[in-house]
file start_9.txt (compact mmCIF, N, CA and C atoms)
# COMPACT_ATOMS: atom_id res chain seq x y z
N LEU Y 4 -2.73 1.83 2.05
CA LEU Y 4 -2.56 1.96 2.40
C LEU Y 4 -2.82 2.32 1.20
N PHE Y 5 -3.94 1.20 0.96
CA PHE Y 5 -3.68 2.23 0.22
C PHE Y 5 -3.35 2.06 -1.23
N ALA Y 6 -4.31 2.60 -4.58
CA ALA Y 6 -3.03 2.17 -4.15
C ALA Y 6 -2.44 3.30 -3.57
N LEU Y 7 -2.04 3.06 -3.46
CA LEU Y 7 -1.61 4.00 -2.52
C LEU Y 7 -1.77 5.30 -3.22
N ALA Y 8 -2.55 5.36 -4.14
CA ALA Y 8 -2.43 6.57 -4.87
C ALA Y 8 -3.58 7.08 -5.65
N ALA Y 9 -4.74 6.65 -5.57
CA ALA Y 9 -5.61 7.24 -6.54
C ALA Y 9 -7.06 6.93 -6.33
N CYS Y 10 -7.86 7.50 -7.20
CA CYS Y 10 -9.27 7.15 -7.27
C CYS Y 10 -9.46 6.37 -8.55
N GLY Y 11 -10.40 5.48 -8.58
CA GLY Y 11 -10.55 4.68 -9.77
C GLY Y 11 -11.87 3.96 -9.81
N ALA Y 12 -11.93 3.04 -10.72
CA ALA Y 12 -13.16 2.31 -10.96
C ALA Y 12 -13.20 1.04 -10.15
N ASN Y 13 -14.39 0.64 -9.81
CA ASN Y 13 -14.58 -0.63 -9.14
C ASN Y 13 -14.40 -1.73 -10.17
N ASN Y 14 -13.56 -2.73 -9.88
CA ASN Y 14 -13.28 -3.76 -10.85
C ASN Y 14 -13.02 -5.08 -10.16
N PRO Y 15 -13.74 -6.12 -10.54
CA PRO Y 15 -13.56 -7.40 -9.87
C PRO Y 15 -12.34 -8.19 -10.33
N GLU Y 16 -11.64 -7.75 -11.36
CA GLU Y 16 -10.49 -8.52 -11.84
C GLU Y 16 -9.36 -8.51 -10.83
N ALA Y 17 -8.75 -9.64 -10.61
CA ALA Y 17 -7.71 -9.80 -9.60
C ALA Y 17 -6.37 -9.25 -10.07
N PRO Y 18 -5.60 -8.65 -9.14
CA PRO Y 18 -4.25 -8.25 -9.46
C PRO Y 18 -3.37 -9.48 -9.67
N ALA Y 19 -2.19 -9.26 -10.18
CA ALA Y 19 -1.24 -10.35 -10.40
C ALA Y 19 -0.90 -11.04 -9.09
N THR Y 20 -0.62 -12.32 -9.17
CA THR Y 20 -0.21 -13.08 -8.00
C THR Y 20 1.18 -12.63 -7.57
N PRO Y 21 1.39 -12.39 -6.28
CA PRO Y 21 2.71 -11.99 -5.81
C PRO Y 21 3.78 -13.02 -6.17
N ALA Y 22 4.98 -12.54 -6.45
CA ALA Y 22 6.08 -13.40 -6.84
C ALA Y 22 6.65 -14.19 -5.67
N ALA Y 23 6.50 -13.67 -4.47
CA ALA Y 23 7.09 -14.32 -3.30
C ALA Y 23 5.99 -14.73 -2.33
N PRO Y 24 6.20 -15.82 -1.59
CA PRO Y 24 5.21 -16.19 -0.57
C PRO Y 24 5.24 -15.19 0.56
N PRO Y 25 4.17 -15.17 1.38
CA PRO Y 25 4.15 -14.22 2.49
C PRO Y 25 5.26 -14.51 3.49
N PRO Y 26 5.99 -13.49 3.90
CA PRO Y 26 7.02 -13.70 4.92
C PRO Y 26 6.40 -13.74 6.31
N ALA Y 27 7.16 -14.24 7.25
CA ALA Y 27 6.80 -14.14 8.67
C ALA Y 27 7.33 -12.81 9.17
N LEU Y 28 6.77 -12.31 10.25
CA LEU Y 28 7.24 -11.05 10.82
C LEU Y 28 8.75 -11.09 11.06
N SER Y 29 9.25 -12.18 11.58
CA SER Y 29 10.69 -12.29 11.87
C SER Y 29 11.55 -12.28 10.61
N ASP Y 30 10.95 -12.56 9.45
CA ASP Y 30 11.69 -12.54 8.18
C ASP Y 30 11.83 -11.14 7.60
N LEU Y 31 11.05 -10.21 8.09
CA LEU Y 31 11.09 -8.85 7.55
C LEU Y 31 12.36 -8.15 8.00
N PRO Y 32 12.87 -7.24 7.16
CA PRO Y 32 14.03 -6.46 7.60
C PRO Y 32 13.63 -5.42 8.64
N ALA Y 33 14.61 -4.94 9.38
CA ALA Y 33 14.37 -3.87 10.34
C ALA Y 33 13.98 -2.61 9.58
N PRO Y 34 13.10 -1.82 10.08
CA PRO Y 34 12.43 -1.84 11.38
C PRO Y 34 11.11 -2.61 11.36
N TRP Y 35 10.72 -3.15 10.21
CA TRP Y 35 9.41 -3.77 10.07
C TRP Y 35 9.31 -5.07 10.87
N ASN Y 36 10.43 -5.72 11.14
CA ASN Y 36 10.39 -6.96 11.91
C ASN Y 36 10.08 -6.73 13.39
N ALA Y 37 10.08 -5.49 13.82
CA ALA Y 37 9.74 -5.14 15.21
C ALA Y 37 8.31 -4.58 15.31
N ALA Y 38 7.54 -4.72 14.24
CA ALA Y 38 6.19 -4.16 14.20
C ALA Y 38 5.22 -4.93 15.08
N ASP Y 39 4.14 -4.27 15.39
CA ASP Y 39 3.01 -4.87 16.09
C ASP Y 39 1.95 -5.13 15.01
N LEU Y 40 1.80 -6.40 14.59
CA LEU Y 40 0.89 -6.71 13.49
C LEU Y 40 -0.57 -6.42 13.84
N ALA Y 41 -0.95 -6.58 15.08
CA ALA Y 41 -2.33 -6.25 15.48
C ALA Y 41 -2.58 -4.76 15.29
N SER Y 42 -1.60 -3.94 15.62
CA SER Y 42 -1.71 -2.50 15.41
C SER Y 42 -1.75 -2.18 13.91
N GLY Y 43 -0.95 -2.90 13.13
CA GLY Y 43 -0.96 -2.72 11.68
C GLY Y 43 -2.30 -3.07 11.07
N LYS Y 44 -2.90 -4.15 11.56
CA LYS Y 44 -4.23 -4.54 11.09
C LYS Y 44 -5.25 -3.47 11.44
N ASP Y 45 -5.17 -2.95 12.66
CA ASP Y 45 -6.07 -1.86 13.07
C ASP Y 45 -5.87 -0.64 12.19
N ALA Y 46 -4.61 -0.31 11.89
CA ALA Y 46 -4.33 0.84 11.02
C ALA Y 46 -4.91 0.62 9.63
N PHE Y 47 -4.86 -0.62 9.14
CA PHE Y 47 -5.41 -0.90 7.81
C PHE Y 47 -6.92 -0.69 7.77
N ASN Y 48 -7.57 -0.74 8.91
CA ASN Y 48 -9.01 -0.47 8.93
C ASN Y 48 -9.32 0.92 8.39
N LYS Y 49 -8.39 1.87 8.51
CA LYS Y 49 -8.56 3.21 7.94
C LYS Y 49 -8.51 3.15 6.42
N CYS Y 50 -7.88 2.13 5.89
CA CYS Y 50 -7.68 1.98 4.44
C CYS Y 50 -8.80 1.21 3.76
N ARG Y 51 -9.52 0.39 4.55
CA ARG Y 51 -10.51 -0.54 3.99
C ARG Y 51 -11.66 0.13 3.25
N SER Y 52 -11.95 1.37 3.54
CA SER Y 52 -13.05 2.02 2.82
C SER Y 52 -12.66 2.31 1.37
N CYS Y 53 -11.36 2.30 1.07
CA CYS Y 53 -10.90 2.58 -0.29
C CYS Y 53 -10.11 1.44 -0.93
N HIS Y 54 -9.53 0.55 -0.12
CA HIS Y 54 -8.65 -0.50 -0.64
C HIS Y 54 -9.04 -1.87 -0.13
N THR Y 55 -8.89 -2.86 -1.00
CA THR Y 55 -8.95 -4.26 -0.60
C THR Y 55 -7.52 -4.78 -0.63
N ILE Y 56 -7.31 -5.97 -0.06
CA ILE Y 56 -5.95 -6.51 0.00
C ILE Y 56 -5.89 -7.98 -0.43
N GLY Y 57 -7.02 -8.64 -0.45
CA GLY Y 57 -7.03 -10.07 -0.75
C GLY Y 57 -6.96 -10.38 -2.23
N ALA Y 58 -6.40 -11.53 -2.53
CA ALA Y 58 -6.33 -12.00 -3.92
C ALA Y 58 -7.74 -12.09 -4.50
N GLY Y 59 -7.92 -11.55 -5.67
CA GLY Y 59 -9.21 -11.64 -6.35
C GLY Y 59 -10.25 -10.64 -5.92
N GLN Y 60 -9.93 -9.81 -4.94
CA GLN Y 60 -10.90 -8.80 -4.52
C GLN Y 60 -10.89 -7.62 -5.49
N ALA Y 61 -12.00 -6.92 -5.52
CA ALA Y 61 -12.19 -5.81 -6.45
C ALA Y 61 -11.38 -4.58 -6.06
N ASN Y 62 -11.07 -3.77 -7.06
CA ASN Y 62 -10.61 -2.41 -6.80
C ASN Y 62 -11.79 -1.64 -6.25
N LEU Y 63 -11.52 -0.71 -5.36
CA LEU Y 63 -12.57 0.17 -4.85
C LEU Y 63 -12.24 1.57 -5.34
N VAL Y 64 -12.36 2.55 -4.49
CA VAL Y 64 -11.95 3.91 -4.84
C VAL Y 64 -10.44 3.92 -5.09
N GLY Y 65 -9.72 3.10 -4.32
CA GLY Y 65 -8.30 2.87 -4.53
C GLY Y 65 -8.10 1.46 -5.04
N PRO Y 66 -6.93 1.16 -5.59
CA PRO Y 66 -6.69 -0.16 -6.15
C PRO Y 66 -6.53 -1.23 -5.07
N ASN Y 67 -6.77 -2.47 -5.46
CA ASN Y 67 -6.50 -3.61 -4.59
C ASN Y 67 -5.00 -3.63 -4.33
N LEU Y 68 -4.61 -3.88 -3.09
CA LEU Y 68 -3.20 -3.84 -2.70
C LEU Y 68 -2.55 -5.22 -2.69
N HIS Y 69 -3.26 -6.24 -3.11
CA HIS Y 69 -2.67 -7.58 -3.18
C HIS Y 69 -1.49 -7.54 -4.16
N GLY Y 70 -0.33 -7.96 -3.70
CA GLY Y 70 0.86 -7.96 -4.55
C GLY Y 70 1.50 -6.60 -4.76
N VAL Y 71 1.15 -5.62 -3.94
CA VAL Y 71 1.62 -4.25 -4.16
C VAL Y 71 3.15 -4.15 -4.18
N PHE Y 72 3.85 -4.96 -3.40
CA PHE Y 72 5.31 -4.89 -3.37
C PHE Y 72 5.95 -5.61 -4.55
N ASP Y 73 5.14 -6.29 -5.34
CA ASP Y 73 5.65 -7.04 -6.48
C ASP Y 73 5.28 -6.40 -7.81
N ARG Y 74 4.88 -5.15 -7.79
CA ARG Y 74 4.49 -4.50 -9.04
C ARG Y 74 4.96 -3.04 -9.06
N HIS Y 75 4.94 -2.50 -10.26
CA HIS Y 75 5.29 -1.10 -10.45
C HIS Y 75 4.16 -0.22 -9.92
N PRO Y 76 4.50 0.93 -9.34
CA PRO Y 76 3.44 1.87 -8.93
C PRO Y 76 2.57 2.23 -10.12
N GLY Y 77 1.30 2.33 -9.87
CA GLY Y 77 0.37 2.72 -10.93
C GLY Y 77 0.07 1.60 -11.91
N SER Y 78 0.24 0.34 -11.49
CA SER Y 78 0.06 -0.75 -12.46
C SER Y 78 -0.94 -1.82 -12.02
N ALA Y 79 -1.74 -1.57 -11.01
CA ALA Y 79 -2.75 -2.56 -10.65
C ALA Y 79 -3.70 -2.72 -11.82
N PRO Y 80 -4.06 -3.95 -12.15
CA PRO Y 80 -4.91 -4.20 -13.31
C PRO Y 80 -6.24 -3.45 -13.23
N ASN Y 81 -6.60 -2.86 -14.36
CA ASN Y 81 -7.91 -2.23 -14.54
C ASN Y 81 -8.25 -1.17 -13.50
N PHE Y 82 -7.27 -0.41 -13.11
CA PHE Y 82 -7.51 0.70 -12.19
C PHE Y 82 -7.10 1.99 -12.88
N ARG Y 83 -7.93 3.01 -12.75
CA ARG Y 83 -7.65 4.31 -13.36
C ARG Y 83 -6.90 5.19 -12.35
N TYR Y 84 -5.62 5.35 -12.60
CA TYR Y 84 -4.76 6.13 -11.71
C TYR Y 84 -4.77 7.60 -12.09
N SER Y 85 -4.40 8.42 -11.11
CA SER Y 85 -4.26 9.86 -11.36
C SER Y 85 -3.11 10.09 -12.32
N PRO Y 86 -3.13 11.20 -13.06
CA PRO Y 86 -2.00 11.52 -13.93
C PRO Y 86 -0.67 11.58 -13.16
N ALA Y 87 -0.69 12.07 -11.92
CA ALA Y 87 0.54 12.14 -11.14
C ALA Y 87 1.12 10.74 -10.90
N MET Y 88 0.27 9.78 -10.59
CA MET Y 88 0.76 8.42 -10.37
C MET Y 88 1.22 7.80 -11.68
N LYS Y 89 0.50 8.02 -12.75
CA LYS Y 89 0.90 7.47 -14.05
C LYS Y 89 2.27 8.00 -14.47
N ALA Y 90 2.57 9.23 -14.11
CA ALA Y 90 3.84 9.85 -14.51
C ALA Y 90 5.00 9.50 -13.60
N TRP Y 91 4.72 8.89 -12.48
CA TRP Y 91 5.76 8.56 -11.50
C TRP Y 91 6.69 7.52 -12.09
N THR Y 92 7.97 7.66 -11.85
CA THR Y 92 8.95 6.79 -12.51
C THR Y 92 9.59 5.75 -11.60
N GLU Y 93 9.10 5.58 -10.39
CA GLU Y 93 9.67 4.56 -9.50
C GLU Y 93 9.47 3.18 -10.11
N ASP Y 94 10.46 2.31 -9.90
CA ASP Y 94 10.41 0.96 -10.46
C ASP Y 94 9.38 0.08 -9.77
N ARG Y 95 9.31 0.16 -8.44
CA ARG Y 95 8.35 -0.66 -7.70
C ARG Y 95 8.14 -0.04 -6.33
N TRP Y 96 7.07 -0.47 -5.68
CA TRP Y 96 6.81 -0.05 -4.32
C TRP Y 96 7.78 -0.76 -3.39
N THR Y 97 8.39 -0.01 -2.50
CA THR Y 97 9.24 -0.56 -1.46
C THR Y 97 8.65 -0.13 -0.12
N PRO Y 98 9.00 -0.81 0.96
CA PRO Y 98 8.52 -0.36 2.26
C PRO Y 98 8.93 1.09 2.56
N GLU Y 99 10.12 1.48 2.13
CA GLU Y 99 10.59 2.85 2.37
C GLU Y 99 9.75 3.87 1.61
N LEU Y 100 9.42 3.56 0.35
CA LEU Y 100 8.56 4.48 -0.42
C LEU Y 100 7.18 4.58 0.20
N ILE Y 101 6.64 3.45 0.61
CA ILE Y 101 5.31 3.48 1.22
C ILE Y 101 5.34 4.24 2.54
N ASP Y 102 6.43 4.13 3.27
CA ASP Y 102 6.56 4.90 4.51
C ASP Y 102 6.49 6.40 4.21
N HIS Y 103 7.23 6.85 3.21
CA HIS Y 103 7.18 8.27 2.84
C HIS Y 103 5.78 8.64 2.35
N TRP Y 104 5.21 7.78 1.53
CA TRP Y 104 3.88 8.02 0.99
C TRP Y 104 2.86 8.18 2.11
N LEU Y 105 2.89 7.25 3.06
CA LEU Y 105 1.89 7.25 4.13
C LEU Y 105 2.04 8.41 5.10
N SER Y 106 3.20 9.02 5.14
CA SER Y 106 3.36 10.14 6.07
C SER Y 106 2.47 11.30 5.65
N LYS Y 107 2.31 11.53 4.37
CA LYS Y 107 1.40 12.56 3.86
C LYS Y 107 1.36 12.46 2.34
N PRO Y 108 0.44 11.67 1.79
CA PRO Y 108 0.43 11.41 0.35
C PRO Y 108 0.44 12.64 -0.54
N LYS Y 109 -0.33 13.65 -0.21
CA LYS Y 109 -0.41 14.83 -1.09
C LYS Y 109 0.88 15.65 -1.08
N ASP Y 110 1.65 15.59 -0.01
CA ASP Y 110 2.96 16.25 0.00
C ASP Y 110 3.98 15.41 -0.74
N PHE Y 111 3.89 14.10 -0.58
CA PHE Y 111 4.82 13.19 -1.24
C PHE Y 111 4.64 13.21 -2.74
N MET Y 112 3.39 13.23 -3.21
CA MET Y 112 3.10 13.24 -4.64
C MET Y 112 2.03 14.28 -4.94
N PRO Y 113 2.44 15.51 -5.17
CA PRO Y 113 1.45 16.52 -5.54
C PRO Y 113 0.66 16.06 -6.77
N GLY Y 114 -0.63 16.22 -6.71
CA GLY Y 114 -1.48 15.80 -7.82
C GLY Y 114 -2.10 14.43 -7.64
N THR Y 115 -1.73 13.72 -6.58
CA THR Y 115 -2.35 12.42 -6.35
C THR Y 115 -3.83 12.61 -6.08
N ALA Y 116 -4.61 11.64 -6.47
CA ALA Y 116 -6.04 11.67 -6.20
C ALA Y 116 -6.37 11.07 -4.84
N MET Y 117 -5.38 10.52 -4.16
CA MET Y 117 -5.63 9.91 -2.85
C MET Y 117 -5.90 11.01 -1.83
N PHE Y 118 -7.02 10.88 -1.15
CA PHE Y 118 -7.43 11.94 -0.23
C PHE Y 118 -7.18 11.60 1.22
N PHE Y 119 -6.28 10.70 1.50
CA PHE Y 119 -5.91 10.32 2.86
C PHE Y 119 -4.90 11.33 3.39
N ASP Y 120 -5.09 11.81 4.62
CA ASP Y 120 -4.20 12.82 5.19
C ASP Y 120 -2.85 12.27 5.63
N GLY Y 121 -2.75 10.96 5.83
CA GLY Y 121 -1.49 10.36 6.22
C GLY Y 121 -1.48 9.90 7.66
N LEU Y 122 -0.40 9.20 8.01
CA LEU Y 122 -0.18 8.72 9.38
C LEU Y 122 1.05 9.43 9.92
N ALA Y 123 0.87 10.26 10.92
CA ALA Y 123 1.96 11.07 11.45
C ALA Y 123 2.97 10.26 12.26
N LYS Y 124 2.50 9.22 12.96
CA LYS Y 124 3.38 8.49 13.86
C LYS Y 124 4.17 7.42 13.11
N GLU Y 125 5.48 7.45 13.28
CA GLU Y 125 6.37 6.50 12.63
C GLU Y 125 6.01 5.05 12.98
N ASP Y 126 5.69 4.78 14.24
CA ASP Y 126 5.33 3.42 14.65
C ASP Y 126 4.06 2.95 13.96
N ASP Y 127 3.09 3.84 13.76
CA ASP Y 127 1.86 3.47 13.07
C ASP Y 127 2.15 3.08 11.63
N ARG Y 128 3.04 3.84 10.97
CA ARG Y 128 3.41 3.50 9.59
C ARG Y 128 4.18 2.19 9.55
N ARG Y 129 5.10 2.00 10.49
CA ARG Y 129 5.88 0.75 10.55
C ARG Y 129 4.95 -0.45 10.69
N ASP Y 130 3.99 -0.35 11.60
CA ASP Y 130 3.08 -1.46 11.85
C ASP Y 130 2.21 -1.75 10.63
N LEU Y 131 1.72 -0.71 9.99
CA LEU Y 131 0.88 -0.87 8.81
C LEU Y 131 1.69 -1.48 7.66
N ILE Y 132 2.89 -1.01 7.46
CA ILE Y 132 3.72 -1.53 6.37
C ILE Y 132 4.06 -3.00 6.60
N ALA Y 133 4.38 -3.37 7.82
CA ALA Y 133 4.65 -4.78 8.12
C ALA Y 133 3.41 -5.62 7.83
N PHE Y 134 2.25 -5.14 8.23
CA PHE Y 134 1.00 -5.83 7.94
C PHE Y 134 0.84 -6.00 6.43
N LEU Y 135 1.10 -4.94 5.67
CA LEU Y 135 0.98 -5.01 4.21
C LEU Y 135 2.01 -5.96 3.59
N LEU Y 136 3.23 -5.93 4.11
CA LEU Y 136 4.28 -6.82 3.58
C LEU Y 136 3.87 -8.29 3.68
N ILE Y 137 3.13 -8.62 4.71
CA ILE Y 137 2.69 -10.01 4.91
C ILE Y 137 1.34 -10.26 4.21
N GLU Y 138 0.35 -9.46 4.51
CA GLU Y 138 -1.01 -9.72 4.02
C GLU Y 138 -1.15 -9.55 2.50
N SER Y 139 -0.37 -8.66 1.90
CA SER Y 139 -0.50 -8.44 0.46
C SER Y 139 0.08 -9.58 -0.36
N ARG Y 140 0.71 -10.53 0.30
CA ARG Y 140 1.30 -11.67 -0.41
C ARG Y 140 0.55 -12.98 -0.12
N LYS Y 141 -0.55 -12.90 0.59
CA LYS Y 141 -1.31 -14.12 0.90
C LYS Y 141 -2.23 -14.49 -0.24

call {"tool": "encode", "arguments": {"input": "start_9.txt", "output": "C-alpha cells"}}
result
Amino acid sequence: LFALAACGANNPEAPATPAAPPPALSDLPAPWNAADLASGKDAFNKCRSCHTIGAGQANLVGPNLHGVFDRHPGSAPNFRYSPAMKAWTEDRWTPELIDHWLSKPKDFMPGTAMFFDGLAKEDDRRDLIAFLLIESRK
C-alpha cells in the first residue's frame, strides 16, 4: 500500500518475520473489523506493481510489506528509501498512519518517492488496511 513510501532496488532478501500471528477480521479493532476483505484484496491489486506482501518476496519499486505493522517506517531490509521517509520520525506504522498515508501520499509526506495518487474513499482505505493487517503477518 504500499512501502508505503518510496522507490528502491529490487532485492530478494526477506523482511523480518512479524512479531504477531495474523489476526482474524473479527480480531481487528474498529473500523477495520467491519472491512470487506475481498474489496481490500482487490484494492491491493493497485499496489502489486510496486509492492509484494509475502514472506521472503523481493522488494520491487516499493518495499515488501510483509511485517509492515511490526517495523519502523523506512526500515524494510535492503530497500533504498527517499530522504523524506528516512527523515520521518514515527515509531512504527499504525493503521491510522497508513490511512492518512493512503489518502494522498504526496500530501501526507512531501518529498516521498511514492507516485501513487491515493485512495479517496474511506471504505476503500479501510478495506485495504484490514487486508494488510492480516496478509502482512502471514

call {"tool": "closest_residue", "arguments": {"input": "start_9.txt", "among": "Y:Trp35, Y:His69, Y:Lys109, Y:Ser29", "to": "Gly57 (chain Y)", "atoms": "all atoms listed in the file"}}
result
Y:His69

call {"tool": "atom_distance", "arguments": {"input": "start_9.txt", "atom1": "CA of Lys44 (chain Y)", "atom2": "CA of Leu136 (chain Y)"}}
result
11.6 Å

call {"tool": "residues_around", "arguments": {"input": "start_9.txt", "residues": "Arg129 (chain Y)", "least_positions_apart": "2", "cutoff": "6.5 Å", "atoms": "all atoms listed in the file", "output": "list of chain:residue names"}}
result
Y:Pro34, Y:Trp35, Y:Ala38, Y:Asp39, Y:Gly43, Y:Lys124, Y:Glu125, Y:Asp126, Y:Asp127, Y:Leu131, Y:Ile132, Y:Ala133, Y:Phe134

call {"tool": "closest_residue", "arguments": {"input": "start_9.txt", "among": "Y:Pro98, Y:Pro108, Y:Gly121, Y:Gly114", "to": "Ala33 (chain Y)", "atoms": "only C-alpha atoms"}}
result
Y:Pro98

call {"tool": "closest_residue", "arguments": {"input": "start_9.txt", "among": "Y:Leu135, Y:Arg95, Y:Pro66, Y:Arg128", "to": "Phe82 (chain Y)", "atoms": "all atoms listed in the file"}}
result
Y:Pro66

call {"tool": "select_by_dssp", "arguments": {"input": "start_9.txt", "residues": "chain Y", "states": "helix (DSSP H, G or I)", "output": "PyMOL selection string"}}
result
chain Y and resi 28-30+35-37+40-47+71-73+86-90+98-106+108-111+125-138

call {"tool": "residues_around", "arguments": {"input": "start_9.txt", "residues": "Lys141 (chain Y)", "least_positions_apart": "2", "cutoff": "10 Å", "atoms": "only C-alpha atoms", "output": "MDAnalysis selection string"}}
result
chainID Y and resid 20:21 23:26 56:58 69:70 135:139

call {"tool": "write_last_selection", "arguments": {"input": "start_9.txt", "atoms": "N, CA and C atoms", "output": "PDB file, keeping the file's coordinate frame"}}
result
ATOM      1  N   THR Y  20      -0.620 -12.320  -9.170  1.00  0.00           N
ATOM      2  CA  THR Y  20      -0.210 -13.080  -8.000  1.00  0.00           C
ATOM      3  C   THR Y  20       1.180 -12.630  -7.570  1.00  0.00           C
ATOM      4  N   PRO Y  21       1.390 -12.390  -6.280  1.00  0.00           N
ATOM      5  CA  PRO Y  21       2.710 -11.990  -5.810  1.00  0.00           C
ATOM      6  C   PRO Y  21       3.780 -13.020  -6.170  1.00  0.00           C
ATOM      7  N   ALA Y  23       6.500 -13.670  -4.470  1.00  0.00           N
ATOM      8  CA  ALA Y  23       7.090 -14.320  -3.300  1.00  0.00           C
ATOM      9  C   ALA Y  23       5.990 -14.730  -2.330  1.00  0.00           C
ATOM     10  N   PRO Y  24       6.200 -15.820  -1.590  1.00  0.00           N
ATOM     11  CA  PRO Y  24       5.210 -16.190  -0.570  1.00  0.00           C
ATOM     12  C   PRO Y  24       5.240 -15.190   0.560  1.00  0.00           C
ATOM     13  N   PRO Y  25       4.170 -15.170   1.380  1.00  0.00           N
ATOM     14  CA  PRO Y  25       4.150 -14.220   2.490  1.00  0.00           C
ATOM     15  C   PRO Y  25       5.260 -14.510   3.490  1.00  0.00           C
ATOM     16  N   PRO Y  26       5.990 -13.490   3.900  1.00  0.00           N
ATOM     17  CA  PRO Y  26       7.020 -13.700   4.920  1.00  0.00           C
ATOM     18  C   PRO Y  26       6.400 -13.740   6.310  1.00  0.00           C
ATOM     19  N   ILE Y  56      -7.310  -5.970  -0.060  1.00  0.00           N
ATOM     20  CA  ILE Y  56      -5.950  -6.510   0.000  1.00  0.00           C
ATOM     21  C   ILE Y  56      -5.890  -7.980  -0.430  1.00  0.00           C
ATOM     22  N   GLY Y  57      -7.020  -8.640  -0.450  1.00  0.00           N
ATOM     23  CA  GLY Y  57      -7.030 -10.070  -0.750  1.00  0.00           C
ATOM     24  C   GLY Y  57      -6.960 -10.380  -2.230  1.00  0.00           C
ATOM     25  N   ALA Y  58      -6.400 -11.530  -2.530  1.00  0.00           N
ATOM     26  CA  ALA Y  58      -6.330 -12.000  -3.920  1.00  0.00           C
ATOM     27  C   ALA Y  58      -7.740 -12.090  -4.500  1.00  0.00           C
ATOM     28  N   HIS Y  69      -3.260  -6.240  -3.110  1.00  0.00           N
ATOM     29  CA  HIS Y  69      -2.670  -7.580  -3.180  1.00  0.00           C
ATOM     30  C   HIS Y  69      -1.490  -7.540  -4.160  1.00  0.00           C
ATOM     31  N   GLY Y  70      -0.330  -7.960  -3.700  1.00  0.00           N
ATOM     32  CA  GLY Y  70       0.860  -7.960  -4.550  1.00  0.00           C
ATOM     33  C   GLY Y  70       1.500  -6.600  -4.760  1.00  0.00           C
ATOM     34  N   LEU Y 135       1.100  -4.940   5.670  1.00  0.00           N
ATOM     35  CA  LEU Y 135       0.980  -5.010   4.210  1.00  0.00           C
ATOM     36  C   LEU Y 135       2.010  -5.960   3.590  1.00  0.00           C
ATOM     37  N   LEU Y 136       3.230  -5.930   4.110  1.00  0.00           N
ATOM     38  CA  LEU Y 136       4.280  -6.820   3.580  1.00  0.00           C
ATOM     39  C   LEU Y 136       3.870  -8.290   3.680  1.00  0.00           C
ATOM     40  N   ILE Y 137       3.130  -8.620   4.710  1.00  0.00           N
ATOM     41  CA  ILE Y 137       2.690 -10.010   4.910  1.00  0.00           C
ATOM     42  C   ILE Y 137       1.340 -10.260   4.210  1.00  0.00           C
ATOM     43  N   GLU Y 138       0.350  -9.460   4.510  1.00  0.00           N
ATOM     44  CA  GLU Y 138      -1.010  -9.720   4.020  1.00  0.00           C
ATOM     45  C   GLU Y 138      -1.150  -9.550   2.500  1.00  0.00           C
ATOM     46  N   SER Y 139      -0.370  -8.660   1.900  1.00  0.00           N
ATOM     47  CA  SER Y 139      -0.500  -8.440   0.460  1.00  0.00           C
ATOM     48  C   SER Y 139       0.080  -9.580  -0.360  1.00  0.00           C
TER      49      SER Y 139
END

call {"tool": "closest_residue", "arguments": {"input": "start_9.txt", "among": "Y:Lys49, Y:Thr55, Y:Ala27, Y:Arg83", "to": "Leu122 (chain Y)", "atoms": "only C-alpha atoms"}}
result
Y:Lys49

call {"tool": "axis_aligned_box", "arguments": {"input": "start_9.txt", "around": "region 62-79 of chain Y", "padding_each_side": "6 Å", "output": "lines of an AutoDock Vina configuration file"}}
result
center_x = -3.3
center_y = -2.0
center_z = -7.6
size_x = 30.5
size_y = 23.9
size_z = 21.8

call {"tool": "atom_distance", "arguments": {"input": "start_9.txt", "atom1": "CA of Asp102 (chain Y)", "atom2": "atom C of Leu63 (chain Y)"}}
result
21.5 Å

call {"tool": "closest_residue", "arguments": {"input": "start_9.txt", "among": "Y:Ala61, Y:Leu68, Y:Ala123, Y:Ala37", "to": "Arg140 (chain Y)", "atoms": "all atoms listed in the file"}}
result
Y:Leu68

call {"tool": "residues_around", "arguments": {"input": "start_9.txt", "residues": "Pro76 (chain Y)", "least_positions_apart": "2", "cutoff": "5 Å", "atoms": "all atoms listed in the file", "output": "short mmCIF file (atom, residue, chain, number, x, y, z; two decimals) with N, CA and C atoms, keeping the file's coordinate frame"}}
result
data_model
loop_
_atom_site.label_atom_id
_atom_site.label_comp_id
_atom_site.auth_asym_id
_atom_site.auth_seq_id
_atom_site.Cartn_x
_atom_site.Cartn_y
_atom_site.Cartn_z
N ARG Y 74 4.88 -5.15 -7.79
CA ARG Y 74 4.49 -4.50 -9.04
C ARG Y 74 4.96 -3.04 -9.06
N SER Y 78 0.24 0.34 -11.49
CA SER Y 78 0.06 -0.75 -12.46
C SER Y 78 -0.94 -1.82 -12.02
N ASP Y 94 10.46 2.31 -9.90
CA ASP Y 94 10.41 0.96 -10.46
C ASP Y 94 9.38 0.08 -9.77
N ARG Y 95 9.31 0.16 -8.44
CA ARG Y 95 8.35 -0.66 -7.70
C ARG Y 95 8.14 -0.04 -6.33
N TRP Y 96 7.07 -0.47 -5.68
CA TRP Y 96 6.81 -0.05 -4.32
C TRP Y 96 7.78 -0.76 -3.39
#

call {"tool": "atom_distance", "arguments": {"input": "start_9.txt", "atom1": "CA of Thr92 (chain Y)", "atom2": "CA of Phe72 (chain Y)"}}
result
15.3 Å

call {"tool": "residues_around", "arguments": {"input": "start_9.txt", "residues": "Ala87 (chain Y)", "least_positions_apart": "2", "cutoff": "6 Å", "atoms": "all atoms listed in the file", "output": "number ranges by chain"}}
result
Y: 85, 89-91, 113-115
